[in-house]
Structure formats: structure tokens, C-alpha cells
$ cat structure-v3.cif   # mmCIF, C-alpha atoms
data_final
#
loop_
_atom_site.group_PDB
_atom_site.id
_atom_site.type_symbol
_atom_site.label_atom_id
_atom_site.label_comp_id
_atom_site.auth_asym_id
_atom_site.auth_seq_id
_atom_site.Cartn_x
_atom_site.Cartn_y
_atom_site.Cartn_z
ATOM 1 C CA VAL A 5 161.603 113.405 144.885
ATOM 2 C CA PHE A 6 162.034 114.826 141.379
ATOM 3 C CA GLN A 7 161.294 118.346 142.617
ATOM 4 C CA CYS A 8 163.718 117.929 145.524
ATOM 5 C CA MET A 9 166.402 116.709 143.115
ATOM 6 C CA SER A 10 165.781 119.682 140.857
ATOM 7 C CA ALA A 11 166.213 122.062 143.805
ATOM 8 C CA ALA A 12 169.317 120.200 145.022
ATOM 9 C CA ARG A 13 170.868 120.377 141.538
ATOM 10 C CA ARG A 14 170.529 124.146 141.623
ATOM 11 C CA LEU A 15 172.532 124.162 144.862
ATOM 12 C CA ASP A 16 175.091 121.577 143.708
ATOM 13 C CA PRO A 17 175.138 120.309 140.089
ATOM 14 C CA ARG A 18 177.056 117.189 141.215
ATOM 15 C CA VAL A 19 174.075 115.759 143.121
ATOM 16 C CA ARG A 20 173.119 112.409 141.597
ATOM 17 C CA ASP A 21 171.582 110.254 144.331
ATOM 18 C CA TYR A 22 169.321 110.378 147.379
ATOM 19 C CA THR A 23 172.042 110.864 149.999
ATOM 20 C CA LYS A 24 173.675 113.740 148.119
ATOM 21 C CA MET A 25 170.266 115.333 147.719
ATOM 22 C CA VAL A 26 169.785 115.191 151.504
ATOM 23 C CA GLY A 27 173.323 116.485 152.035
ATOM 24 C CA ALA A 28 172.744 119.471 149.742
ATOM 25 C CA ALA A 29 169.674 120.457 151.756
ATOM 26 C CA TYR A 30 170.572 119.538 155.362
ATOM 27 C CA GLY A 31 174.349 119.145 155.539
ATOM 28 C CA THR A 32 176.886 116.362 155.930
ATOM 29 C CA THR A 33 175.539 115.033 159.247
ATOM 30 C CA ALA A 34 172.114 114.344 157.748
ATOM 31 C CA GLU A 35 173.786 112.856 154.664
ATOM 32 C CA ALA A 36 175.818 110.437 156.809
ATOM 33 C CA LEU A 37 172.731 109.380 158.776
ATOM 34 C CA VAL A 38 170.695 108.764 155.612
ATOM 35 C CA THR A 39 173.614 106.838 154.113
ATOM 36 C CA VAL A 40 173.628 104.387 157.027
ATOM 37 C CA LEU A 41 169.837 104.035 156.945
ATOM 38 C CA ILE A 42 169.750 103.392 153.191
ATOM 39 C CA VAL A 43 172.463 100.739 153.342
ATOM 40 C CA LEU A 44 170.738 98.893 156.187
ATOM 41 C CA TYR A 45 167.255 99.236 154.729
ATOM 42 C CA VAL A 46 168.052 98.404 151.112
ATOM 43 C CA PHE A 47 170.298 95.429 151.829
ATOM 44 C CA GLY A 48 167.654 94.169 154.242
ATOM 45 C CA ALA A 49 165.088 94.500 151.459
ATOM 46 C CA CYS A 50 167.389 92.601 149.103
ATOM 47 C CA TRP A 51 167.616 89.752 151.594
ATOM 48 C CA GLY A 52 163.841 89.827 151.822
ATOM 49 C CA TYR A 53 163.648 89.323 148.057
ATOM 50 C CA LEU A 54 165.821 86.207 148.329
ATOM 51 C CA VAL A 55 163.506 84.831 151.027
ATOM 52 C CA LEU A 56 160.528 85.627 148.789
ATOM 53 C CA LEU A 57 162.141 83.759 145.909
ATOM 54 C CA SER A 58 162.733 80.671 148.026
ATOM 55 C CA ASP A 59 159.150 80.802 149.332
ATOM 56 C CA THR A 60 157.715 81.220 145.844
ATOM 57 C CA LEU A 61 159.799 78.668 143.989
ATOM 58 C CA GLY A 62 159.895 76.135 146.829
ATOM 59 C CA PRO A 63 156.517 74.505 145.988
ATOM 60 C CA LEU A 64 157.545 74.137 142.345
ATOM 61 C CA VAL A 65 160.821 72.432 143.248
ATOM 62 C CA ARG A 66 159.223 70.157 145.852
ATOM 63 C CA LYS A 67 156.687 69.075 143.274
ATOM 64 C CA VAL A 68 159.530 67.859 141.035
ATOM 65 C CA ALA A 69 161.734 66.513 143.852
ATOM 66 C CA PRO A 70 159.504 65.763 146.872
ATOM 67 C CA ALA A 71 162.189 63.739 148.665
ATOM 68 C CA VAL A 72 164.650 66.640 148.932
ATOM 69 C CA ASP A 73 164.851 68.335 152.334
ATOM 70 C CA GLU A 74 162.912 71.621 152.440
ATOM 71 C CA SER A 75 165.751 73.545 154.109
ATOM 72 C CA LEU A 76 168.183 72.378 151.431
ATOM 73 C CA VAL A 77 165.747 73.463 148.728
ATOM 74 C CA ARG A 78 165.510 76.939 150.226
ATOM 75 C CA ILE A 79 169.285 77.275 150.507
ATOM 76 C CA LEU A 80 169.841 76.155 146.917
ATOM 77 C CA LEU A 81 167.131 78.484 145.629
ATOM 78 C CA GLN A 82 168.610 81.447 147.477
ATOM 79 C CA CYS A 83 172.108 80.662 146.190
ATOM 80 C CA GLY A 84 170.864 80.283 142.624
ATOM 81 C CA SER A 85 168.838 83.485 142.856
ATOM 82 C CA THR A 86 171.878 85.304 144.218
ATOM 83 C CA ALA A 87 173.946 84.194 141.215
ATOM 84 C CA VAL A 88 171.327 85.568 138.815
ATOM 85 C CA CYS A 89 170.984 88.797 140.780
ATOM 86 C CA ILE A 90 174.752 89.374 140.789
ATOM 87 C CA GLY A 91 174.709 89.494 137.006
ATOM 88 C CA LEU A 92 171.815 91.963 136.921
ATOM 89 C CA CYS A 93 173.349 94.086 139.677
ATOM 90 C CA SER A 94 176.604 94.455 137.713
ATOM 91 C CA LEU A 95 174.974 96.866 135.270
ATOM 92 C CA ARG A 96 176.476 100.333 135.699
ATOM 93 C CA SER A 97 173.388 102.405 134.928
ATOM 94 C CA ILE A 98 169.878 102.219 136.338
ATOM 95 C CA ASN A 99 168.601 103.027 132.855
ATOM 96 C CA THR A 100 169.779 99.619 131.620
ATOM 97 C CA LEU A 101 167.260 97.974 133.951
ATOM 98 C CA LYS A 102 164.322 99.193 131.863
ATOM 99 C CA TYR A 103 164.038 95.851 130.036
ATOM 100 C CA SER A 104 164.026 93.781 133.216
ATOM 101 C CA SER A 105 161.536 96.232 134.728
ATOM 102 C CA ALA A 106 159.240 95.802 131.709
ATOM 103 C CA LEU A 107 159.482 92.028 132.147
ATOM 104 C CA ALA A 108 158.566 92.398 135.830
ATOM 105 C CA VAL A 109 155.492 94.460 134.939
ATOM 106 C CA ALA A 110 154.407 91.809 132.416
ATOM 107 C CA ALA A 111 154.866 89.090 135.057
ATOM 108 C CA VAL A 112 152.799 90.995 137.615
ATOM 109 C CA LEU A 113 150.088 91.591 135.013
ATOM 110 C CA THR A 114 149.934 87.843 134.338
ATOM 111 C CA THR A 115 149.476 87.178 138.052
ATOM 112 C CA VAL A 116 146.728 89.807 138.265
ATOM 113 C CA VAL A 117 144.848 88.192 135.382
ATOM 114 C CA MET A 118 145.087 84.783 137.087
ATOM 115 C CA LEU A 119 143.750 86.120 140.400
ATOM 116 C CA VAL A 120 140.881 88.003 138.781
ATOM 117 C CA ARG A 121 139.990 84.916 136.741
ATOM 118 C CA ASN A 122 140.008 82.780 139.896
ATOM 119 C CA TYR A 123 137.730 85.252 141.687
ATOM 120 C CA ALA A 124 135.305 85.339 138.759
ATOM 121 C CA ALA A 125 135.114 81.535 138.750
ATOM 122 C CA HIS A 126 135.008 80.979 142.537
ATOM 123 C CA PRO A 127 133.872 84.059 144.494
ATOM 124 C CA CYS A 128 133.707 83.821 148.267
ATOM 125 C CA THR A 129 130.113 83.402 149.436
ATOM 126 C CA ALA A 130 128.520 82.490 152.758
ATOM 127 C CA GLY A 131 129.180 78.822 153.441
ATOM 128 C CA ASP A 132 131.369 78.398 150.339
ATOM 129 C CA CYS A 133 134.682 80.171 150.800
ATOM 130 C CA ALA A 134 137.281 77.444 151.257
ATOM 131 C CA THR A 135 140.873 77.184 150.082
ATOM 132 C CA ALA A 136 142.583 74.393 148.194
ATOM 133 C CA ALA A 137 145.866 74.806 150.042
ATOM 134 C CA GLY A 138 145.279 71.807 152.323
ATOM 135 C CA PRO A 139 146.659 71.616 155.880
ATOM 136 C CA THR A 140 148.889 74.609 156.605
ATOM 137 C CA VAL A 141 150.280 76.526 159.573
ATOM 138 C CA TRP A 142 147.387 78.977 159.416
ATOM 139 C CA CYS A 143 144.829 76.212 158.822
ATOM 140 C CA PRO A 144 145.969 72.905 160.392
ATOM 141 C CA SER A 145 142.768 71.088 159.510
ATOM 142 C CA GLY A 146 142.883 72.129 155.862
ATOM 143 C CA GLU A 147 139.151 72.851 155.960
ATOM 144 C CA CYS A 148 139.057 76.516 156.917
ATOM 145 C CA SER A 149 136.507 78.866 155.405
ATOM 146 C CA GLY A 150 136.726 82.594 154.876
ATOM 147 C CA TRP A 151 132.965 83.072 155.270
ATOM 148 C CA CYS A 152 131.165 80.653 157.570
ATOM 149 C CA THR A 153 127.490 80.266 158.191
ATOM 150 C CA ALA A 154 126.186 80.116 161.749
ATOM 151 C CA GLU A 155 125.913 76.326 161.453
ATOM 152 C CA GLN A 156 129.507 75.957 160.296
ATOM 153 C CA LEU A 157 130.755 78.234 163.065
ATOM 154 C CA ALA A 158 128.896 76.228 165.716
ATOM 155 C CA ALA A 159 130.148 72.899 164.349
ATOM 156 C CA ALA A 160 133.830 73.836 163.955
ATOM 157 C CA PRO A 161 134.810 77.251 165.382
ATOM 158 C CA THR A 162 138.533 76.740 164.623
ATOM 159 C CA ASN A 163 137.755 76.463 160.927
ATOM 160 C CA CYS A 164 136.071 79.874 160.922
ATOM 161 C CA PRO A 165 138.764 82.474 161.769
ATOM 162 C CA GLY A 166 136.567 85.295 160.491
ATOM 163 C CA GLY A 167 133.355 84.071 162.061
ATOM 164 C CA THR A 168 130.258 84.884 160.052
ATOM 165 C CA ARG A 169 131.445 88.366 159.077
ATOM 166 C CA GLY A 170 132.450 87.268 155.601
ATOM 167 C CA VAL A 171 133.790 89.655 152.975
ATOM 168 C CA ALA A 172 133.549 93.160 154.434
ATOM 169 C CA LEU A 173 134.547 96.562 153.137
ATOM 170 C CA TRP A 174 136.257 97.679 156.355
ATOM 171 C CA PRO A 175 138.547 95.723 158.744
ATOM 172 C CA SER A 176 136.964 94.326 161.875
ATOM 173 C CA GLY A 177 139.562 95.882 164.175
ATOM 174 C CA ALA A 178 142.876 97.678 164.425
ATOM 175 C CA GLU A 179 145.012 94.566 163.948
ATOM 176 C CA PRO A 180 144.458 94.149 160.170
ATOM 177 C CA PHE A 181 145.044 97.875 159.648
ATOM 178 C CA LEU A 182 148.284 97.874 161.648
ATOM 179 C CA GLY A 183 149.401 94.709 159.868
ATOM 180 C CA ALA A 184 149.158 96.490 156.524
ATOM 181 C CA LEU A 185 151.339 99.445 157.567
ATOM 182 C CA PRO A 186 154.691 97.646 157.007
ATOM 183 C CA LEU A 187 153.622 96.902 153.439
ATOM 184 C CA VAL A 188 152.805 100.562 152.883
ATOM 185 C CA ALA A 189 156.189 101.575 154.298
ATOM 186 C CA PHE A 190 157.918 98.988 152.108
ATOM 187 C CA ALA A 191 156.210 100.435 149.044
ATOM 188 C CA LEU A 192 157.616 103.880 149.834
ATOM 189 C CA GLN A 193 161.182 102.668 149.287
ATOM 190 C CA CYS A 194 160.789 103.537 145.594
ATOM 191 C CA HIS A 195 161.533 107.122 146.672
ATOM 192 C CA ILE A 196 165.166 106.108 147.118
ATOM 193 C CA GLN A 197 165.465 105.075 143.466
ATOM 194 C CA GLY A 198 163.671 108.229 142.329
ATOM 195 C CA ALA A 199 166.799 110.355 142.743
ATOM 196 C CA ALA A 200 168.886 108.043 140.556
ATOM 197 C CA VAL A 201 166.109 107.900 137.964
ATOM 198 C CA TYR A 202 166.014 111.705 137.865
ATOM 199 C CA HIS A 203 169.788 111.834 137.360
ATOM 200 C CA GLU A 204 169.524 109.702 134.204
ATOM 201 C CA MET A 205 166.506 111.480 132.745
ATOM 202 C CA PRO A 206 167.076 113.621 129.629
ATOM 203 C CA PRO A 207 167.811 117.290 130.466
ATOM 204 C CA ARG A 208 164.571 118.441 128.833
ATOM 205 C CA LEU A 209 162.614 116.327 131.350
ATOM 206 C CA GLN A 210 164.734 117.309 134.337
ATOM 207 C CA SER A 211 163.675 120.944 133.971
ATOM 208 C CA SER A 212 159.964 120.366 133.305
ATOM 209 C CA ARG A 213 157.451 120.321 136.152
ATOM 210 C CA ALA A 214 154.831 119.031 133.720
ATOM 211 C CA ALA A 215 157.092 116.044 133.012
ATOM 212 C CA PHE A 216 157.415 115.387 136.761
ATOM 213 C CA ALA A 217 153.645 115.327 137.134
ATOM 214 C CA ALA A 218 153.152 113.121 134.061
ATOM 215 C CA ILE A 219 155.765 110.568 135.163
ATOM 216 C CA ALA A 220 154.458 110.433 138.740
ATOM 217 C CA GLY A 221 150.855 110.183 137.540
ATOM 218 C CA ALA A 222 151.616 107.411 135.056
ATOM 219 C CA SER A 223 153.522 105.447 137.705
ATOM 220 C CA SER A 224 150.682 105.779 140.209
ATOM 221 C CA CYS A 225 148.088 104.726 137.639
ATOM 222 C CA LEU A 226 150.158 101.664 136.721
ATOM 223 C CA LEU A 227 150.436 100.645 140.374
ATOM 224 C CA ILE A 228 146.703 101.059 140.910
ATOM 225 C CA LEU A 229 145.984 99.062 137.749
ATOM 226 C CA LEU A 230 148.208 96.187 138.913
ATOM 227 C CA TYR A 231 147.768 96.003 142.664
ATOM 228 C CA LEU A 232 144.210 97.120 143.375
ATOM 229 C CA PRO A 233 142.663 94.235 141.365
ATOM 230 C CA THR A 234 145.098 91.863 143.088
ATOM 231 C CA GLY A 235 143.947 92.887 146.555
ATOM 232 C CA LEU A 236 140.266 92.964 145.680
ATOM 233 C CA ALA A 237 140.256 89.664 143.767
ATOM 234 C CA GLY A 238 142.336 87.871 146.402
ATOM 235 C CA TYR A 239 140.171 89.016 149.289
ATOM 236 C CA GLY A 240 137.001 88.476 147.291
ATOM 237 C CA ALA A 241 137.985 84.854 146.641
ATOM 238 C CA PHE A 242 139.166 83.828 150.124
ATOM 239 C CA GLY A 243 137.611 86.273 152.598
ATOM 240 C CA ALA A 244 138.924 86.067 156.158
ATOM 241 C CA ILE A 245 141.517 83.391 155.333
ATOM 242 C CA THR A 246 143.282 85.538 152.716
ATOM 243 C CA GLN A 247 147.013 85.306 153.433
ATOM 244 C CA GLY A 248 149.688 87.963 153.037
ATOM 245 C CA ASP A 249 151.182 85.821 150.292
ATOM 246 C CA ILE A 250 148.026 85.177 148.290
ATOM 247 C CA LEU A 251 149.605 82.237 146.447
ATOM 248 C CA THR A 252 149.659 80.206 149.668
ATOM 249 C CA ASN A 253 145.860 80.098 149.407
ATOM 250 C CA PHE A 254 146.189 77.967 146.281
ATOM 251 C CA GLY A 255 146.990 74.271 146.183
ATOM 252 C CA VAL A 256 150.376 73.039 145.028
ATOM 253 C CA ASP A 257 148.679 71.147 142.188
ATOM 254 C CA ASP A 258 146.996 74.225 140.726
ATOM 255 C CA PRO A 259 148.661 74.864 137.321
ATOM 256 C CA LEU A 260 147.591 78.508 137.180
ATOM 257 C CA ALA A 261 149.033 79.069 140.645
ATOM 258 C CA ASP A 262 152.296 77.547 139.422
ATOM 259 C CA VAL A 263 152.348 80.026 136.548
ATOM 260 C CA ALA A 264 151.729 82.841 139.039
ATOM 261 C CA ARG A 265 154.546 81.577 141.269
ATOM 262 C CA GLY A 266 156.899 81.651 138.295
ATOM 263 C CA CYS A 267 155.758 85.185 137.451
ATOM 264 C CA ILE A 268 156.315 86.368 141.021
ATOM 265 C CA ALA A 269 159.807 84.851 140.947
ATOM 266 C CA VAL A 270 160.571 86.707 137.707
ATOM 267 C CA THR A 271 159.251 89.908 139.269
ATOM 268 C CA ALA A 272 161.432 89.499 142.358
ATOM 269 C CA LEU A 273 164.527 88.748 140.277
ATOM 270 C CA CYS A 274 163.945 91.802 138.105
ATOM 271 C CA ALA A 275 163.121 94.052 141.072
ATOM 272 C CA TYR A 276 166.197 93.026 143.080
ATOM 273 C CA PRO A 277 168.679 95.174 141.079
ATOM 274 C CA MET A 278 166.415 98.211 141.484
ATOM 275 C CA GLN A 279 166.695 97.792 145.260
ATOM 276 C CA HIS A 280 170.412 97.053 145.133
ATOM 277 C CA TYR A 281 171.380 100.018 142.935
ATOM 278 C CA PRO A 282 170.873 102.819 145.523
ATOM 279 C CA ALA A 283 172.908 100.962 148.152
ATOM 280 C CA ARG A 284 175.664 100.281 145.633
ATOM 281 C CA LEU A 285 175.698 103.953 144.649
ATOM 282 C CA VAL A 286 175.858 105.021 148.295
ATOM 283 C CA LEU A 287 178.766 102.671 149.019
ATOM 284 C CA HIS A 288 180.536 103.945 145.904
ATOM 285 C CA ASN A 289 180.207 107.514 147.195
ATOM 286 C CA VAL A 290 181.629 106.439 150.555
ATOM 287 C CA TRP A 291 184.552 104.741 148.816
ATOM 288 C CA ILE A 292 185.271 107.862 146.731
ATOM 289 C CA ALA A 293 185.189 110.042 149.857
ATOM 290 C CA MET A 294 187.559 107.679 151.695
ATOM 291 C CA ARG A 295 189.970 107.681 148.740
ATOM 292 C CA ALA A 296 189.910 111.483 148.612
ATOM 293 C CA ARG A 297 190.679 111.736 152.328
ATOM 294 C CA ALA A 298 193.475 109.158 152.026
ATOM 295 C CA ARG A 299 194.933 111.054 149.072
ATOM 296 C CA ALA A 300 194.784 114.318 151.028
ATOM 297 C CA ARG A 301 196.499 112.738 154.051
ATOM 298 C CA GLY A 302 199.205 111.285 151.804
ATOM 299 C CA GLU A 303 199.784 114.685 150.217
ATOM 300 C CA GLN A 304 200.092 116.301 153.651
ATOM 301 C CA ARG A 305 202.645 113.683 154.738
ATOM 302 C CA ARG A 306 204.724 114.249 151.608
ATOM 303 C CA LEU A 307 204.690 118.011 152.133
ATOM 304 C CA ALA A 308 205.686 117.598 155.786
ATOM 305 C CA LEU A 309 208.564 115.285 154.809
ATOM 306 C CA TRP A 310 209.739 117.738 152.137
ATOM 307 C CA ARG A 311 209.787 120.613 154.653
ATOM 308 C CA ARG A 312 211.805 118.540 157.127
ATOM 309 C CA LEU A 313 214.346 117.634 154.460
ATOM 310 C CA PHE A 314 214.669 120.910 152.573
ATOM 311 C CA GLY A 315 213.118 123.492 154.873
ATOM 312 C CA ARG A 316 210.693 124.857 152.274
ATOM 313 C CA PRO A 317 207.595 123.602 150.418
ATOM 314 C CA VAL A 318 207.630 122.113 146.968
ATOM 315 C CA CYS A 319 207.722 124.740 144.205
ATOM 316 C CA GLY A 320 204.235 125.788 143.225
ATOM 317 C CA ARG A 321 202.593 124.381 146.368
#
$ encode --input "structure-v3.cif" --output "C-alpha cells"
Amino acid sequence: VFQCMSAARRLDPRVRDYTKMVGAAYGTTAEALVTVLIVLYVFGACWGYLVLLSDTLGPLVRKVAPAVDESLVRILLQCGSTAVCIGLCSLRSINTLKYSSALAVAAVLTTVVMLVRNYAAHPCTAGDCATAAGPTVWCPSGECSGWCTAEQLAAAPTNCPGGTRGVALWPSGAEPFLGALPLVAFALQCHIQGAAVYHEMPPRLQSSRAAFAAIAGASSCLLILLYLPTGLAGYGAFGAITQGDILTNFGVDDPLADVARGCIAVTALCAYPMQHYPARLVLHNVWIAMRARARARGEQRRLALWRRLFGRPVCGR
């Protein structure tokens, strides 16, 4: 993305975001199409963050107020999260989000440490790979195991969703692989913010290919450092019953899981403005273009009226 922005800037120095970069390379039709896609995709992702916040903070709230209706809790959490996000999204520059981004990284790191610690204390082994989550939608009995022995499988097949396969290096079929593809696609949305990040980089970095490589390499290493241990430790602790939201594998009374839920909520709150910024920038560009067209139409109407009244254009026009 940085290299594409550098090339687009050589064509048009006014390029500052992803849609303008596409427009500089492929024309206005492609720019309009990407504009629509970014608005739909990014605002959809923002709504997904609000759902994530209600899912993450819901167990903490229900622990304090168990009598409150679950739907009401989710609505209140989403409204409260929206109020916080509005304040963060009001910042005019993406560079001002560096402090919230640093806080999000620290929160994710805390969650990673908790998951690795849990795996070290309770690794999934044959016949001993249960979860403390209790009865759930994915395990109605509350006694499911991620690595069953042949005796356990014969006694209660429904409690052994992975059979006796246990913790394996490769997926057992195409379904787990296909299920992971949306997450991979979701991770690629950081490309949209890359154009805005490039725009606010110092000029000495904007013209350096070595800087591009260093920034991209450091970002990739940070992601590997944070997320690879999360996936390995989560799967290594729960085997076949590992859920997409790993925190649902933990019981609601687990204090470390509560800390992790709080960290994930902080991460989502801090990440929300990064998702919102490109869509806001795109809508701002659309608004500027509409104002320019309206101003041009108004100028044409004034010139036409002047010609009808005086038979000649305004002096100097």
C-alpha cells in the first residue's frame, strides 16, 4: 500500500486516502466503486466491534447484576460503547490514535500472557481436555472434551466433537480451513488504513523504500508475536472444542478470564476509531465533491441569469 501511495502521489500530489489512490491509478469509475465498498465494509466492521464489545463485557455485567435481562444488557453495552467511540472518532488525524493503539497492543499482550499461562498449567491431553465454561450452545451438557479416549467416545459420543483425534497439526477436513478464511479477509482490512497512515508519515519516510520495508516488517513481526501464541495456546489448551471466541471456553468465575475480557474490550474500543477513520475520510471526500458540483451549478445559473438580463457575461468571466 505504501508503494502504491508513493506512485499515486507522483501522479497526483493531492492523493491522501485509499479511494483517491485507486482513482489516480484506475479512474473515477473505480474510485466510486471502491468508495461504496469501503463505506459498506468499514461501517459493517464497526458494527461488528460493537457486537464484540457486548459479547465480551456481557459476562462481567451479568456477574454483577444477574437479574438484568441479557438483551437489555447487550443494548446498554452497545450504547455505552458507542458513546465512548464517538469521542475517539472525533479526532481529526489518524496520528492522534497512536496512544489508543499502544493501549490496545498492551491489552492484547496481557490476553496473550493469560492464554499461554493457562496452556502451561492445563495442556490438553488424551482424556483430560475439558472446559470450565459449563453448559453452552456448543456444549449443552457442559462436559465436552477436546480430546477423548476411546472409552469416553463410546460412553458419550456427543461430548466428543473431535473424536479421538485430539490436538493435531493439520485440520481434519475442509470445513475448519474454510471457516478461517473470513478471519483472514477481515485481517486484510488494515490495507485501507495504510493509505491514511502513509499520508501522515514524515516526508523523509514517504520517499524511502527501506522505511516501507522496515515498517511493514515490524508490523508483521508484532502481529506474529501477539496472535500466533494466542492461536497455539488456545488450541493447545482446548483441542477440538476451541471456540472462535477463545474466552467462551473459560468459566464466568475465572478471574484471569475476566481480566482478558476487559483487555479485549479495551482493544475493541481502541481499534474502533482506526476502522471508522477511512470511512469518515471517504464520506468527507464525497461531501467536498458534492459541494464543488453544487458551487459550479450555482455559478452557471448566475452566469445564465446575467446573460439574460444584460446580454453579456460578467466582466472578467
$ residues_around --input "structure-v3.cif" --residues "A:Val290" --least-positions-apart "4" --cutoff "12 Å" --atoms "all atoms listed in the file" --output "PDB file with C-alpha atoms, in the coordinates of the input"
ATOM      1  CA  THR A  23     172.042 110.864 149.999  1.00  0.00           C
ATOM      2  CA  LYS A  24     173.675 113.740 148.119  1.00  0.00           C
ATOM      3  CA  GLU A  35     173.786 112.856 154.664  1.00  0.00           C
ATOM      4  CA  ALA A  36     175.818 110.437 156.809  1.00  0.00           C
ATOM      5  CA  THR A  39     173.614 106.838 154.113  1.00  0.00           C
ATOM      6  CA  VAL A  40     173.628 104.387 157.027  1.00  0.00           C
ATOM      7  CA  VAL A  43     172.463 100.739 153.342  1.00  0.00           C
ATOM      8  CA  ALA A 283     172.908 100.962 148.152  1.00  0.00           C
ATOM      9  CA  ARG A 284     175.664 100.281 145.633  1.00  0.00           C
ATOM     10  CA  LEU A 285     175.698 103.953 144.649  1.00  0.00           C
ATOM     11  CA  VAL A 286     175.858 105.021 148.295  1.00  0.00           C
ATOM     12  CA  MET A 294     187.559 107.679 151.695  1.00  0.00           C
ATOM     13  CA  ARG A 295     189.970 107.681 148.740  1.00  0.00           C
ATOM     14  CA  ALA A 296     189.910 111.483 148.612  1.00  0.00           C
ATOM     15  CA  ARG A 297     190.679 111.736 152.328  1.00  0.00           C
TER      16      ARG A 297
END
$ resolve_selection --input "structure-v3.cif" --expression "the PyMOL selection byres ((chain A and resi 58) around 12)" --output "ChimeraX atom specification"
/A:51-57,59-66,74-86,265-266,268-269,272-273
$ closest_residue --input "structure-v3.cif" --among "A:Cys93, A:Val171, A:Met205, A:Ala136" --to "A:Gly240" --atoms "all atoms listed in the file"
A:Val171
$ axis_aligned_box --input "structure-v3.cif" --around "stretch 287-304 of chain A" --padding-each-side "5 Å" --output "lines of an AutoDock Vina configuration file"
center_x = 189.4
center_y = 109.5
center_z = 150.0
size_x = 31.3
size_y = 23.6
size_z = 18.1
$ atom_distance --input "structure-v3.cif" --atom1 "atom CA of A:Ala172" --atom2 "atom CA of A:Gln193"
29.7 Å
$ closest_residue --input "structure-v3.cif" --among "A:Ala293, A:Leu230, A:Leu287, A:Tyr276" --to "A:Ser104" --atoms "all atoms listed in the file"
A:Tyr276
$ resolve_selection --input "structure-v3.cif" --expression "the PyMOL selection byres ((chain A and resi 154) around 10)" --output "short mmCIF file (atom, residue, chain, number, x, y, z; two decimals) with C-alpha atoms, in the frame of the given file"
data_model
loop_
_atom_site.label_atom_id
_atom_site.label_comp_id
_atom_site.auth_asym_id
_atom_site.auth_seq_id
_atom_site.Cartn_x
_atom_site.Cartn_y
_atom_site.Cartn_z
CA ALA A 130 128.52 82.49 152.76
CA GLY A 131 129.18 78.82 153.44
CA TRP A 151 132.96 83.07 155.27
CA CYS A 152 131.16 80.65 157.57
CA THR A 153 127.49 80.27 158.19
CA GLU A 155 125.91 76.33 161.45
CA GLN A 156 129.51 75.96 160.30
CA LEU A 157 130.76 78.23 163.06
CA ALA A 158 128.90 76.23 165.72
CA ALA A 159 130.15 72.90 164.35
CA PRO A 161 134.81 77.25 165.38
CA CYS A 164 136.07 79.87 160.92
CA GLY A 167 133.35 84.07 162.06
CA THR A 168 130.26 84.88 160.05
#
$ atom_distance --input "structure-v3.cif" --atom1 "atom CA of A:Ser145" --atom2 "atom CA of A:Asp257"
18.3 Å
$ atom_distance --input "structure-v3.cif" --atom1 "atom CA of A:Asn253" --atom2 "atom CA of A:Gln279"
27.6 Å
$ resolve_selection --input "structure-v3.cif" --expression "the PyMOL selection byres ((chain A and resi 126) around 12)" --output "MDAnalysis selection string"
chainID A and resid 119:125 127:129 132:136 237:243
$ closest_residue --input "structure-v3.cif" --among "A:Ala275, A:Ala200, A:Val141, A:Ala261" --to "A:Thr115" --atoms "only C-alpha atoms"
A:Ala261
